[in-house]
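Reading through the C-alpha cells given below for one structure.
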Amino acid sequence: MTKRNIVVTALLAGFYLLVQLLAAKRVLLPYDLQILGLICINIMLAVSLNLINGFTGQFSIGHAGFFGIGAYASAYLTVVHDVPFLIALCAGAVFAAVIGIVIGLPALRLQGDYLAIATLGFGEIIRVVILNIPQVGGARGFSGISRATSFGHTYLFMILTVLIIKNFISSYHGRACIAVREDELASETLGINTTFYKVSAFTLGAFFAGLAGGLFSHYMGYINPAANQIGFLKSIDILIMVVLGGLGSITGSIGAAIFLTLIPELLRGLAEYRMIVYPIILILIMLFRPAGLLGGKELSWDALSRFYQRFAGKRQKQRVTGDGSE
Amino acid sequence: MAANELLRISTLSVSFGGLKAISNVDMTVYEGELVGLIGPNGAGKTTLFNALTGLCRPTSGEIVFSGKNLSKKSAHYISRQGITRTFQNIRLFKSLSALDNLRIACHQNMSYTFLGGILKTKNASRQEEEAEKQAWAMLEIMGLSQYAHERSVNLSYGNQRKLEIARALVTKPRLLLLDEPAAGMNPAETQELLHLIRSLRSDFGVTIILIEHDMNLVMNLCERIFVLDYGVLIAEGSVEEIRSNEQVIQAYLGADV
Ligand SMILES: Nc1ncnc2c1ncn2[C@@H]1O[C@H](COP(=O)(O)OP(=O)(O)O)[C@@H](O)[C@H]1O
Ligand SMILES: [Mg+2]
C-alpha cells in the first residue's frame with residue numbers, strides 16, 4: 001500500500017467511526033443516519049450511471065429500472081425464500097446485470113436521442129412488469145422486508161463501487177470505453193470492439209444500480225413501484241446528479257449525489273419553496289457550468305495542490321509586476 | 001522486389017443505393033511497398049479505404065490480406081489482423097491528451113482481464129507501464145513529446161496529422177492506409193511529412209497505401225500508383241507509366257502535366 005492509500009483508508013475508516021460514535025451519543029438521530037445511508041446509495045447510482053453516460057457516452061435514462069430490479073429481486077429472495085441478505089443482495093445485482101445485457105444488446109445499437117428514449121422505455125417496462133407481479137405486492141408495494149441494511153453496509157458497498165469503477169476506468173478497458181465516447185469509428189480502426197465495451201459498461205452500471213437497489217429495499221423495509229422510486233422520475237434524479245457533477249467525473253458525481261440528497265432535507269423548513277429553489281439552483285449551474293461542476297475533471301489532492309500552486313504563483317507574480325492585470 | 005503478396009483485392013464493388021462508388025476493382029499490394037492511390041474528388045478512394053478497414057461493407061468482391069479473407073469482417077477484427085488507417089478529416093480523440101490518444105491505441109497489445117484491471121494485478125500494472133512506455137516512445141519518434149499532455153484538438157494541424165499517424169502506428173500495423181495526410185499542410189510541413197513517411201517504411205517495416213492530391217508528394221514517394229476514376233481502376237503502374245498514360249492525363253492530371 002502506498003502512503004496515500006493508507007491515508008485515504010484511515011480517513012474513510014475514521015469517518016465511519018465518527019458516525020458510529022455520534023450515533024451512539026445520539027448526536028446523530030436514526031433519521032440522520034438514514035440520510036447518510038441514502039447518500040451512499042445515491043452515490044452508487046450516480047457513479048454507476050456516470051460509467052455509462054459520462055465515460056462511455058451512451059446516454060441512458062433508464063437507470064432506476066436496474067435499481068428497481070435489484071431492490072425487488074433481492075427482497076423477493078429474502079422475504080419469500082429466506083435467502084441470507086448478502087447472498088440475496090448479490091443475486092439481485094447479478095439479475096440486474098443480466099437484464100442489463102438483454103436490454104443493452106438491442107438498445108445500444110441506437111445513438112443519441114434514440115438511445116435515451118429506448119432506455120427510458122425499457123426502464124418503464126421494468127417498472128410496469130414489477131407493478132404487475134402480485135408476489136412482490138403489485139401496486140401496493142412490497143412491505144415486510146427485513147431491515148437488514150445498516151449504514152455500514154451502504155458505506156462499505158459505496159466505497160467498493162467507487163473503487164471498482166475508478167479502477168475499471170483507469171484500466172485499458174476503461175480507456176476503450178472513453179474512446180467509444182470520443183469517436184466510435186476511430187476506436188474500431190484501432191481494434192476496439194465498440195459494441196462489446198458499450199454493453200460491458202451498460203452491464204457493469206446495471207450491476208451496481210442493482211446492488212444499490214438491494215441495499216435500498218432492505219434499508220427502508222419497504223419499496224413501491226412508483227415513478228419516483230424505481231421509475232423515470234428516479235432515473236431523472238440520478239441523471240441530474242451525473243450531469244450536475246460533470247459527465248466523466250467520479251468525484252463530481254459523488255459531490256452532486258451528496259448535495260442533491262441533502263438539499264431537500266436542508267430546504268425542508270422552506271417546504272413550500274423547495275420546488276422553486278431546487279430548480280433554480282439547477283438552472284444556475286446549467287447556465288454557468290454547463291459541463292457540470294467538475295466537467296470531466298477529478299478532484300484530487302494533486303489537482304488541489306496544483307490549483308494552490310497556481311494561485312500562489314499568481315499572487316507572487318502580481319507582487320513582482322505590481323499590478324493585478326495578470 | 002521480393003514479390004510477397006500482402007493484400008489482394010478482387011472485383012471489389014461498393015454501392016450506396018444506386019451509386020456505384022467502387023466498381024470491380026482489382027488491386028494487389030506487396031509486402032514492403034509504398035503505393036499511391038490517386039484520382040479526382042469523388043473517385044471512390046476513401047470508400048476503398050473504408051471497405052478495406054471494415055467501415056463499410058463491400059457489395060461484392062473479395063479482400064484477402066496475408067492469406068485471410070477479410071471481406072465481411074468487422075472493423076476491429078480487421079485492425080487486429082494488421083490493417084489500420086488515418087482519416088481524411090482527422091478523427092483524433094479530441095478532448096483527450098496526445099499521450100492518451102496513443103495509450104488508447106495500445107489496446108490490442110494488452111490482454112489483462114476486467115478483474116485484473118479492477119484488482120490492479122501485477123500483470124495489469126506491468127502491461128500498463130509497457131503501454132505508457134510505448135506511447136511515450138512513439139511521441140518521441142514523431143517529435144511530439146512536448147505536446148504529450150496537450151489536448152489533441154489544440155495541436156497544430158500538421159501535428160494533429162502526425163499524431164493520427166502515430167496513433168495508427170502504435171497498433172503495430174502491417175498495412176497502413178494514409179488518407180490525404182498532407183491535406184491542409186503548408187509546404188514546409190508537407191516536406192517534413194514526406195521524410196516521415198519514407199522513414200516509417202524503413203523503421204517500422206510497414207507497407208503503405210497513400211491517398212494524396214499533392215502530385216509531387218505521390219510521385220516522389222511511391223514506387224507504384226493506382227488511379228481511380230468514377231470508382232473504376234483506370235490505370236496502375238510505375239510513376240513513369242502513370243505520367244505518360246493518356247487516360248490518366250485526361251481524367252485527372254490535366255493538360256499541364
Ligand atoms: N456513406 C456514403 N453514403 C453515400 N454516398 C457515399 C458515401 N461515402 C461516399 N459516398 C459517395 O461515393 C463517392 C466516392 O466518395 P469518396 O470515396 O469519398 O471519394 P474520394 O475519397 O475519392 O474523394 C462519392 O460520390 C460520394 O458522394
Ligand atoms: Mg476522400
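Chain labels run A, B, ... following the order of the C-alpha cells; each chain numbers its residues from 1, and ligands are numbered from 1 in the order shown.
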
Interface, chain B side, toward chain A (8 Å; only C-alpha atoms) as a PDB file with all heavy atoms, in the first residue's frame:
ATOM      1  N   THR B  53     -10.980  -1.299 -44.382  1.00  0.00           N
ATOM      2  CA  THR B  53     -10.885  -1.293 -42.917  1.00  0.00           C
ATOM      3  C   THR B  53     -12.187  -1.734 -42.259  1.00  0.00           C
ATOM      4  O   THR B  53     -12.324  -1.641 -41.039  1.00  0.00           O
ATOM      5  CB  THR B  53     -10.512   0.112 -42.397  1.00  0.00           C
ATOM      6  OG1 THR B  53     -11.367   1.072 -43.013  1.00  0.00           O
ATOM      7  CG2 THR B  53      -9.076   0.441 -42.703  1.00  0.00           C
ATOM      8  N   LEU B  55     -15.156  -0.413 -42.438  1.00  0.00           N
ATOM      9  CA  LEU B  55     -16.095   0.639 -42.047  1.00  0.00           C
ATOM     10  C   LEU B  55     -17.295   0.680 -42.982  1.00  0.00           C
ATOM     11  O   LEU B  55     -18.320   1.267 -42.652  1.00  0.00           O
ATOM     12  CB  LEU B  55     -15.403   2.003 -42.000  1.00  0.00           C
ATOM     13  CG  LEU B  55     -14.300   2.135 -40.941  1.00  0.00           C
ATOM     14  CD1 LEU B  55     -13.766   3.551 -40.895  1.00  0.00           C
ATOM     15  CD2 LEU B  55     -14.805   1.720 -39.562  1.00  0.00           C
ATOM     16  N   ALA B  75     -14.686  -4.090 -38.325  1.00  0.00           N
ATOM     17  CA  ALA B  75     -13.541  -3.179 -38.381  1.00  0.00           C
ATOM     18  C   ALA B  75     -12.493  -3.504 -37.320  1.00  0.00           C
ATOM     19  O   ALA B  75     -11.294  -3.499 -37.593  1.00  0.00           O
ATOM     20  CB  ALA B  75     -14.022  -1.741 -38.227  1.00  0.00           C
ATOM     21  N   HIS B  76     -12.949  -3.819 -36.084  1.00  0.00           N
ATOM     22  CA  HIS B  76     -11.950  -4.066 -35.036  1.00  0.00           C
ATOM     23  C   HIS B  76     -11.186  -5.360 -35.298  1.00  0.00           C
ATOM     24  O   HIS B  76     -10.005  -5.466 -34.990  1.00  0.00           O
ATOM     25  CB  HIS B  76     -12.591  -4.051 -33.650  1.00  0.00           C
ATOM     26  CG  HIS B  76     -13.681  -5.051 -33.448  1.00  0.00           C
ATOM     27  ND1 HIS B  76     -13.439  -6.313 -33.012  1.00  0.00           N
ATOM     28  CD2 HIS B  76     -15.017  -4.959 -33.654  1.00  0.00           C
ATOM     29  CE1 HIS B  76     -14.590  -6.964 -32.931  1.00  0.00           C
ATOM     30  NE2 HIS B  76     -15.558  -6.169 -33.323  1.00  0.00           N
ATOM     31  N   TYR B  77     -11.865  -6.327 -35.913  1.00  0.00           N
ATOM     32  CA  TYR B  77     -11.182  -7.577 -36.263  1.00  0.00           C
ATOM     33  C   TYR B  77     -10.108  -7.299 -37.320  1.00  0.00           C
ATOM     34  O   TYR B  77      -8.976  -7.751 -37.209  1.00  0.00           O
ATOM     35  CB  TYR B  77     -12.196  -8.603 -36.778  1.00  0.00           C
ATOM     36  CG  TYR B  77     -11.569  -9.894 -37.241  1.00  0.00           C
ATOM     37  CD1 TYR B  77     -11.302 -10.917 -36.332  1.00  0.00           C
ATOM     38  CD2 TYR B  77     -11.218 -10.089 -38.581  1.00  0.00           C
ATOM     39  CE1 TYR B  77     -10.713 -12.098 -36.744  1.00  0.00           C
ATOM     40  CE2 TYR B  77     -10.632 -11.267 -39.013  1.00  0.00           C
ATOM     41  CZ  TYR B  77     -10.379 -12.271 -38.085  1.00  0.00           C
ATOM     42  OH  TYR B  77      -9.792 -13.438 -38.496  1.00  0.00           O
ATOM     43  N   ILE B  78     -10.481  -6.525 -38.323  1.00  0.00           N
ATOM     44  CA  ILE B  78      -9.538  -6.208 -39.395  1.00  0.00           C
ATOM     45  C   ILE B  78      -8.325  -5.481 -38.839  1.00  0.00           C
ATOM     46  O   ILE B  78      -7.181  -5.768 -39.196  1.00  0.00           O
ATOM     47  CB  ILE B  78     -10.245  -5.374 -40.492  1.00  0.00           C
ATOM     48  CG1 ILE B  78     -11.242  -6.273 -41.232  1.00  0.00           C
ATOM     49  CG2 ILE B  78      -9.236  -4.756 -41.447  1.00  0.00           C
ATOM     50  CD1 ILE B  78     -12.110  -5.545 -42.234  1.00  0.00           C
ATOM     51  N   SER B  79      -8.580  -4.550 -37.915  1.00  0.00           N
ATOM     52  CA  SER B  79      -7.463  -3.831 -37.301  1.00  0.00           C
ATOM     53  C   SER B  79      -6.517  -4.803 -36.605  1.00  0.00           C
ATOM     54  O   SER B  79      -5.296  -4.669 -36.676  1.00  0.00           O
ATOM     55  CB  SER B  79      -8.010  -2.809 -36.306  1.00  0.00           C
ATOM     56  OG  SER B  79      -6.970  -2.253 -35.554  1.00  0.00           O
ATOM     57  N   ARG B  80      -7.106  -5.792 -35.953  1.00  0.00           N
ATOM     58  CA  ARG B  80      -6.273  -6.781 -35.249  1.00  0.00           C
ATOM     59  C   ARG B  80      -5.487  -7.669 -36.201  1.00  0.00           C
ATOM     60  O   ARG B  80      -4.472  -8.252 -35.821  1.00  0.00           O
ATOM     61  CB  ARG B  80      -7.142  -7.642 -34.324  1.00  0.00           C
ATOM     62  CG  ARG B  80      -7.497  -6.890 -33.057  1.00  0.00           C
ATOM     63  CD  ARG B  80      -8.521  -7.576 -32.213  1.00  0.00           C
ATOM     64  NE  ARG B  80      -8.767  -6.756 -31.027  1.00  0.00           N
ATOM     65  CZ  ARG B  80      -8.093  -6.886 -29.894  1.00  0.00           C
ATOM     66  NH1 ARG B  80      -7.186  -7.814 -29.754  1.00  0.00           N
ATOM     67  NH2 ARG B  80      -8.340  -6.078 -28.879  1.00  0.00           N
ATOM     68  N   THR B  84      -4.522  -0.755 -40.483  1.00  0.00           N
ATOM     69  CA  THR B  84      -5.132   0.405 -39.837  1.00  0.00           C
ATOM     70  C   THR B  84      -4.918   1.643 -40.689  1.00  0.00           C
ATOM     71  O   THR B  84      -4.299   1.563 -41.738  1.00  0.00           O
ATOM     72  CB  THR B  84      -4.649   0.591 -38.384  1.00  0.00           C
ATOM     73  OG1 THR B  84      -5.495   1.514 -37.726  1.00  0.00           O
ATOM     74  CG2 THR B  84      -3.221   1.094 -38.354  1.00  0.00           C
ATOM     75  N   ARG B  85      -5.448   2.761 -40.260  1.00  0.00           N
ATOM     76  CA  ARG B  85      -5.542   3.896 -41.178  1.00  0.00           C
ATOM     77  C   ARG B  85      -5.547   5.239 -40.458  1.00  0.00           C
ATOM     78  O   ARG B  85      -5.677   5.317 -39.240  1.00  0.00           O
ATOM     79  CB  ARG B  85      -6.851   3.794 -41.940  1.00  0.00           C
ATOM     80  CG  ARG B  85      -8.023   4.016 -40.984  1.00  0.00           C
ATOM     81  CD  ARG B  85      -9.354   3.985 -41.664  1.00  0.00           C
ATOM     82  NE  ARG B  85      -9.537   5.101 -42.563  1.00  0.00           N
ATOM     83  CZ  ARG B  85     -10.573   5.209 -43.376  1.00  0.00           C
ATOM     84  NH1 ARG B  85     -11.501   4.275 -43.400  1.00  0.00           N
ATOM     85  NH2 ARG B  85     -10.687   6.252 -44.162  1.00  0.00           N
ATOM     86  N   ARG B  91      -9.598  12.265 -37.284  1.00  0.00           N
ATOM     87  CA  ARG B  91     -10.506  11.757 -36.238  1.00  0.00           C
ATOM     88  C   ARG B  91      -9.722  11.368 -35.001  1.00  0.00           C
ATOM     89  O   ARG B  91      -9.699  10.212 -34.610  1.00  0.00           O
ATOM     90  CB  ARG B  91     -11.276  10.546 -36.766  1.00  0.00           C
ATOM     91  CG  ARG B  91     -12.154  10.846 -37.938  1.00  0.00           C
ATOM     92  CD  ARG B  91     -13.066   9.704 -38.214  1.00  0.00           C
ATOM     93  NE  ARG B  91     -14.187   9.736 -37.319  1.00  0.00           N
ATOM     94  CZ  ARG B  91     -15.452   9.556 -37.714  1.00  0.00           C
ATOM     95  NH1 ARG B  91     -15.729   9.333 -38.967  1.00  0.00           N
ATOM     96  NH2 ARG B  91     -16.421   9.576 -36.840  1.00  0.00           N
ATOM     97  N   LEU B  92      -9.086  12.348 -34.398  1.00  0.00           N
ATOM     98  CA  LEU B  92      -8.415  12.089 -33.127  1.00  0.00           C
ATOM     99  C   LEU B  92      -9.460  12.061 -32.019  1.00  0.00           C
ATOM    100  O   LEU B  92     -10.597  12.481 -32.227  1.00  0.00           O
ATOM    101  CB  LEU B  92      -7.390  13.195 -32.844  1.00  0.00           C
ATOM    102  CG  LEU B  92      -6.122  13.134 -33.687  1.00  0.00           C
ATOM    103  CD1 LEU B  92      -5.338  14.422 -33.575  1.00  0.00           C
ATOM    104  CD2 LEU B  92      -5.258  11.949 -33.275  1.00  0.00           C
ATOM    105  N   PHE B  93      -9.076  11.559 -30.844  1.00  0.00           N
ATOM    106  CA  PHE B  93      -9.937  11.677 -29.668  1.00  0.00           C
ATOM    107  C   PHE B  93      -9.704  13.088 -29.143  1.00  0.00           C
ATOM    108  O   PHE B  93      -8.792  13.340 -28.358  1.00  0.00           O
ATOM    109  CB  PHE B  93      -9.593  10.611 -28.639  1.00  0.00           C
ATOM    110  CG  PHE B  93      -9.684   9.216 -29.188  1.00  0.00           C
ATOM    111  CD1 PHE B  93      -8.624   8.335 -29.102  1.00  0.00           C
ATOM    112  CD2 PHE B  93     -10.850   8.792 -29.824  1.00  0.00           C
ATOM    113  CE1 PHE B  93      -8.715   7.055 -29.612  1.00  0.00           C
ATOM    114  CE2 PHE B  93     -10.949   7.503 -30.345  1.00  0.00           C
ATOM    115  CZ  PHE B  93      -9.878   6.637 -30.238  1.00  0.00           C
ATOM    116  N   LYS B  94     -10.545  14.002 -29.598  1.00  0.00           N
ATOM    117  CA  LYS B  94     -10.272  15.436 -29.491  1.00  0.00           C
ATOM    118  C   LYS B  94     -10.035  15.933 -28.070  1.00  0.00           C
ATOM    119  O   LYS B  94      -9.130  16.711 -27.828  1.00  0.00           O
ATOM    120  CB  LYS B  94     -11.436  16.229 -30.090  1.00  0.00           C
ATOM    121  CG  LYS B  94     -11.558  16.118 -31.582  1.00  0.00           C
ATOM    122  CD  LYS B  94     -12.481  17.203 -32.110  1.00  0.00           C
ATOM    123  CE  LYS B  94     -12.763  17.012 -33.586  1.00  0.00           C
ATOM    124  NZ  LYS B  94     -13.628  15.820 -33.827  1.00  0.00           N
ATOM    125  N   SER B  95     -10.880  15.495 -27.152  1.00  0.00           N
ATOM    126  CA  SER B  95     -10.787  16.098 -25.818  1.00  0.00           C
ATOM    127  C   SER B  95      -9.718  15.422 -24.967  1.00  0.00           C
ATOM    128  O   SER B  95      -9.502  15.822 -23.834  1.00  0.00           O
ATOM    129  CB  SER B  95     -12.143  16.049 -25.114  1.00  0.00           C
ATOM    130  OG  SER B  95     -12.444  14.721 -24.759  1.00  0.00           O
ATOM    131  N   ILE B 104      -4.608   4.784 -25.699  1.00  0.00           N
ATOM    132  CA  ILE B 104      -5.800   4.049 -26.132  1.00  0.00           C
ATOM    133  C   ILE B 104      -5.449   3.123 -27.292  1.00  0.00           C
ATOM    134  O   ILE B 104      -5.909   1.988 -27.358  1.00  0.00           O
ATOM    135  CB  ILE B 104      -6.920   5.036 -26.535  1.00  0.00           C
ATOM    136  CG1 ILE B 104      -7.521   5.665 -25.286  1.00  0.00           C
ATOM    137  CG2 ILE B 104      -7.998   4.324 -27.350  1.00  0.00           C
ATOM    138  CD1 ILE B 104      -8.502   6.769 -25.549  1.00  0.00           C
ATOM    139  N   ALA B 105      -4.584   3.606 -28.175  1.00  0.00           N
ATOM    140  CA  ALA B 105      -4.231   2.806 -29.343  1.00  0.00           C
ATOM    141  C   ALA B 105      -3.410   1.569 -28.980  1.00  0.00           C
ATOM    142  O   ALA B 105      -3.248   0.667 -29.796  1.00  0.00           O
ATOM    143  CB  ALA B 105      -3.479   3.664 -30.356  1.00  0.00           C
ATOM    144  N   HIS B 107      -4.392  -0.607 -27.175  1.00  0.00           N
ATOM    145  CA  HIS B 107      -5.422  -1.575 -26.812  1.00  0.00           C
ATOM    146  C   HIS B 107      -5.094  -3.017 -27.211  1.00  0.00           C
ATOM    147  O   HIS B 107      -5.187  -3.928 -26.397  1.00  0.00           O
ATOM    148  CB  HIS B 107      -6.733  -1.146 -27.459  1.00  0.00           C
ATOM    149  CG  HIS B 107      -7.925  -1.922 -26.999  1.00  0.00           C
ATOM    150  ND1 HIS B 107      -8.581  -1.638 -25.828  1.00  0.00           N
ATOM    151  CD2 HIS B 107      -8.562  -2.983 -27.527  1.00  0.00           C
ATOM    152  CE1 HIS B 107      -9.582  -2.486 -25.665  1.00  0.00           C
ATOM    153  NE2 HIS B 107      -9.597  -3.316 -26.685  1.00  0.00           N
ATOM    154  N   GLN B 108      -4.717  -3.193 -28.484  1.00  0.00           N
ATOM    155  CA  GLN B 108      -4.528  -4.573 -28.950  1.00  0.00           C
ATOM    156  C   GLN B 108      -3.277  -5.221 -28.378  1.00  0.00           C
ATOM    157  O   GLN B 108      -3.118  -6.428 -28.473  1.00  0.00           O
ATOM    158  CB  GLN B 108      -4.393  -4.675 -30.467  1.00  0.00           C
ATOM    159  CG  GLN B 108      -5.070  -3.635 -31.222  1.00  0.00           C
ATOM    160  CD  GLN B 108      -4.930  -3.859 -32.712  1.00  0.00           C
ATOM    161  OE1 GLN B 108      -4.363  -4.837 -33.175  1.00  0.00           O
ATOM    162  NE2 GLN B 108      -5.460  -2.941 -33.478  1.00  0.00           N
ATOM    163  N   MET B 110      -2.614  -5.235 -25.310  1.00  0.00           N
ATOM    164  CA  MET B 110      -2.858  -5.529 -23.900  1.00  0.00           C
ATOM    165  C   MET B 110      -3.842  -6.678 -23.776  1.00  0.00           C
ATOM    166  O   MET B 110      -4.648  -6.917 -24.654  1.00  0.00           O
ATOM    167  CB  MET B 110      -3.392  -4.283 -23.201  1.00  0.00           C
ATOM    168  CG  MET B 110      -2.479  -3.108 -23.466  1.00  0.00           C
ATOM    169  SD  MET B 110      -2.968  -1.616 -22.648  1.00  0.00           S
ATOM    170  CE  MET B 110      -2.306  -1.882 -21.055  1.00  0.00           C
ATOM    171  N   PHE B 114     -10.919  -7.804 -17.113  1.00  0.00           N
ATOM    172  CA  PHE B 114     -11.626  -6.798 -16.321  1.00  0.00           C
ATOM    173  C   PHE B 114     -11.192  -6.903 -14.865  1.00  0.00           C
ATOM    174  O   PHE B 114     -10.860  -5.910 -14.232  1.00  0.00           O
ATOM    175  CB  PHE B 114     -13.143  -7.037 -16.379  1.00  0.00           C
ATOM    176  CG  PHE B 114     -13.808  -6.428 -17.572  1.00  0.00           C
ATOM    177  CD1 PHE B 114     -13.100  -6.148 -18.723  1.00  0.00           C
ATOM    178  CD2 PHE B 114     -15.167  -6.142 -17.539  1.00  0.00           C
ATOM    179  CE1 PHE B 114     -13.722  -5.592 -19.831  1.00  0.00           C
ATOM    180  CE2 PHE B 114     -15.801  -5.584 -18.634  1.00  0.00           C
ATOM    181  CZ  PHE B 114     -15.079  -5.318 -19.783  1.00  0.00           C
ATOM    182  N   GLY B 117      -7.847  -5.645 -14.097  1.00  0.00           N
ATOM    183  CA  GLY B 117      -7.815  -4.189 -14.057  1.00  0.00           C
ATOM    184  C   GLY B 117      -8.398  -3.653 -12.762  1.00  0.00           C
ATOM    185  O   GLY B 117      -7.877  -2.708 -12.175  1.00  0.00           O
ATOM    186  N   ILE B 118      -9.491  -4.278 -12.313  1.00  0.00           N
ATOM    187  CA  ILE B 118     -10.155  -3.806 -11.097  1.00  0.00           C
ATOM    188  C   ILE B 118      -9.285  -4.080  -9.865  1.00  0.00           C
ATOM    189  O   ILE B 118      -9.195  -3.262  -8.961  1.00  0.00           O
ATOM    190  CB  ILE B 118     -11.543  -4.469 -10.961  1.00  0.00           C
ATOM    191  CG1 ILE B 118     -12.490  -3.872 -12.009  1.00  0.00           C
ATOM    192  CG2 ILE B 118     -12.113  -4.282  -9.564  1.00  0.00           C
ATOM    193  CD1 ILE B 118     -13.757  -4.657 -12.208  1.00  0.00           C
ATOM    194  N   LEU B 119      -8.603  -5.235  -9.875  1.00  0.00           N
ATOM    195  CA  LEU B 119      -7.748  -5.590  -8.739  1.00  0.00           C
ATOM    196  C   LEU B 119      -6.335  -5.026  -8.882  1.00  0.00           C
ATOM    197  O   LEU B 119      -5.508  -5.165  -7.997  1.00  0.00           O
ATOM    198  CB  LEU B 119      -7.675  -7.117  -8.595  1.00  0.00           C
ATOM    199  CG  LEU B 119      -9.002  -7.819  -8.292  1.00  0.00           C
ATOM    200  CD1 LEU B 119      -8.820  -9.324  -8.267  1.00  0.00           C
ATOM    201  CD2 LEU B 119      -9.571  -7.333  -6.969  1.00  0.00           C
ATOM    202  N   LYS B 120      -6.072  -4.397 -10.036  1.00  0.00           N
ATOM    203  CA  LYS B 120      -4.733  -3.863 -10.319  1.00  0.00           C
ATOM    204  C   LYS B 120      -3.656  -4.918 -10.047  1.00  0.00           C
ATOM    205  O   LYS B 120      -2.738  -4.691  -9.235  1.00  0.00           O
ATOM    206  CB  LYS B 120      -4.470  -2.608  -9.482  1.00  0.00           C
ATOM    207  CG  LYS B 120      -5.361  -1.454  -9.889  1.00  0.00           C
ATOM    208  CD  LYS B 120      -4.733  -0.116  -9.559  1.00  0.00           C
ATOM    209  CE  LYS B 120      -5.481   0.984 -10.253  1.00  0.00           C
ATOM    210  NZ  LYS B 120      -5.119   2.319  -9.865  1.00  0.00           N
ATOM    211  N   GLU B 128       0.313  -1.946 -18.182  1.00  0.00           N
ATOM    212  CA  GLU B 128       0.052  -0.509 -18.229  1.00  0.00           C
ATOM    213  C   GLU B 128       1.353   0.282 -18.386  1.00  0.00           C
ATOM    214  O   GLU B 128       1.432   1.226 -19.169  1.00  0.00           O
ATOM    215  CB  GLU B 128      -0.670  -0.054 -16.955  1.00  0.00           C
ATOM    216  CG  GLU B 128      -2.149  -0.417 -16.911  1.00  0.00           C
ATOM    217  CD  GLU B 128      -2.957   0.293 -17.984  1.00  0.00           C
ATOM    218  OE1 GLU B 128      -2.603   1.414 -18.381  1.00  0.00           O
ATOM    219  OE2 GLU B 128      -3.953  -0.293 -18.445  1.00  0.00           O
ATOM    220  N   ALA B 168      -2.025   5.369 -35.278  1.00  0.00           N
ATOM    221  CA  ALA B 168      -2.178   4.170 -36.104  1.00  0.00           C
ATOM    222  C   ALA B 168      -0.978   3.241 -35.934  1.00  0.00           C
ATOM    223  O   ALA B 168      -1.124   2.023 -35.849  1.00  0.00           O
ATOM    224  CB  ALA B 168      -2.347   4.569 -37.567  1.00  0.00           C
ATOM    225  N   THR B 171      -0.594   0.586 -33.036  1.00  0.00           N
ATOM    226  CA  THR B 171      -1.252  -0.718 -33.147  1.00  0.00           C
ATOM    227  C   THR B 171      -0.370  -1.738 -33.862  1.00  0.00           C
ATOM    228  O   THR B 171      -0.793  -2.861 -34.080  1.00  0.00           O
ATOM    229  CB  THR B 171      -2.590  -0.617 -33.906  1.00  0.00           C
ATOM    230  OG1 THR B 171      -2.310  -0.315 -35.280  1.00  0.00           O
ATOM    231  CG2 THR B 171      -3.493   0.469 -33.340  1.00  0.00           C
TER     232      THR B 171
END

Handout entry: Contacts of ligand 2, 10 Å or closer, only C-alpha atoms and all ligand atoms, given as a list in words
Key = Ile38, Gly39, Pro40, Asn41, Gly42, Ala43, Gly44, Lys45, Thr46, Thr47, Leu48, Phe49, Asn50, Phe87, Gln88, Asn89, Asp179, Glu180, Ile211, Glu212 and His213 of chain B

Problem - Distance query segment 53-62 of chain A at most 7 Å, only C-alpha atoms, self and fewer than 3 positions along chain excluded, as a ChimeraX atom specification - result: /A:49-50,65,112,115-116,119-120,122-123,177-178,180-181,198,201,232,235-236,239,247-248

Exercise for the section: Report the distance between atom CA of Gly255 of chain A and atom CA of Thr161 of chain A in Å, rounded to one decimal place. Expected result: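 Atom CA of Thr161 of chain A lies at a distance of 15.1 Å from atom CA of Gly255 of chain A.
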
Handout entry: Spatial neighbours of Lys297 of chain A, 12 Å, only C-alpha atoms, chain gap at least 2 places, as JSON, numbers by chain
Key = {"A": [54, 55, 245, 246, 247, 248, 249, 250, 251, 252, 253, 291, 292, 293, 294, 295, 299, 300, 302, 303, 304], "B": [95, 96]}

Handout entry: All helix (DSSP H, G or I) residues (DSSP, backbone) inside segment 34-241 of chain B, as a PyMOL selection string
Key = chain B and resi 45-52+75-81+98-109+114-119+122-142+145-147+152-154+157-170+187-204+215-221+239-241

Exercise for the section: Find the spatial neighbours of Leu233 of chain B, counting only C-alpha atoms, within a cut-off of 12 Å - ignore same-chain residues fewer than 2 positions away - and output them as a VMD selection string. Expected result: chain B and resid 9 to 13 21 to 27 37 to 40 43 to 45 48 225 to 231 235 to 237 247 to 248 251

Exercise for the section: For Thr86 of chain B, work out the shell of residues within 8 Å, counting only C-alpha atoms and skipping chain neighbours fewer than 6 positions away, then give it as a list in words. Expected result: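 Residues meeting the cut-off are Glu164, Ile165, Ala168, Leu177, Leu178, Asp179 and Pro181 of chain B.
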
Handout entry: Surrounding residues of Cys106 of chain B excluding itself and chain neighbours under 4 positions, 8 Å, only C-alpha atoms, as a list in words
Key = Leu102, Met110, Ala131, Gln134, Ala135, Val170 and Thr171 of chain B

Practice task
Grab the atom CA of Glu33 of chain B to atom CA of Leu200 of chain B distance for me, in Å with one decimal place.
Solution key: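 The value is 11.6 Å.
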
Handout entry: Nearest to ligand 1 by atom-to-atom distance, counting only C-alpha atoms and all ligand atoms, from B:Ser15, B:Ser111, B:Ser199, B:Gln191
Key = B:Ser15

Practice task
May I ask for the distance between atom CA of Met241 of chain A and atom CA of Cys40 of chain A, given in Å to one decimal place?
Solution key: 13.0 Å
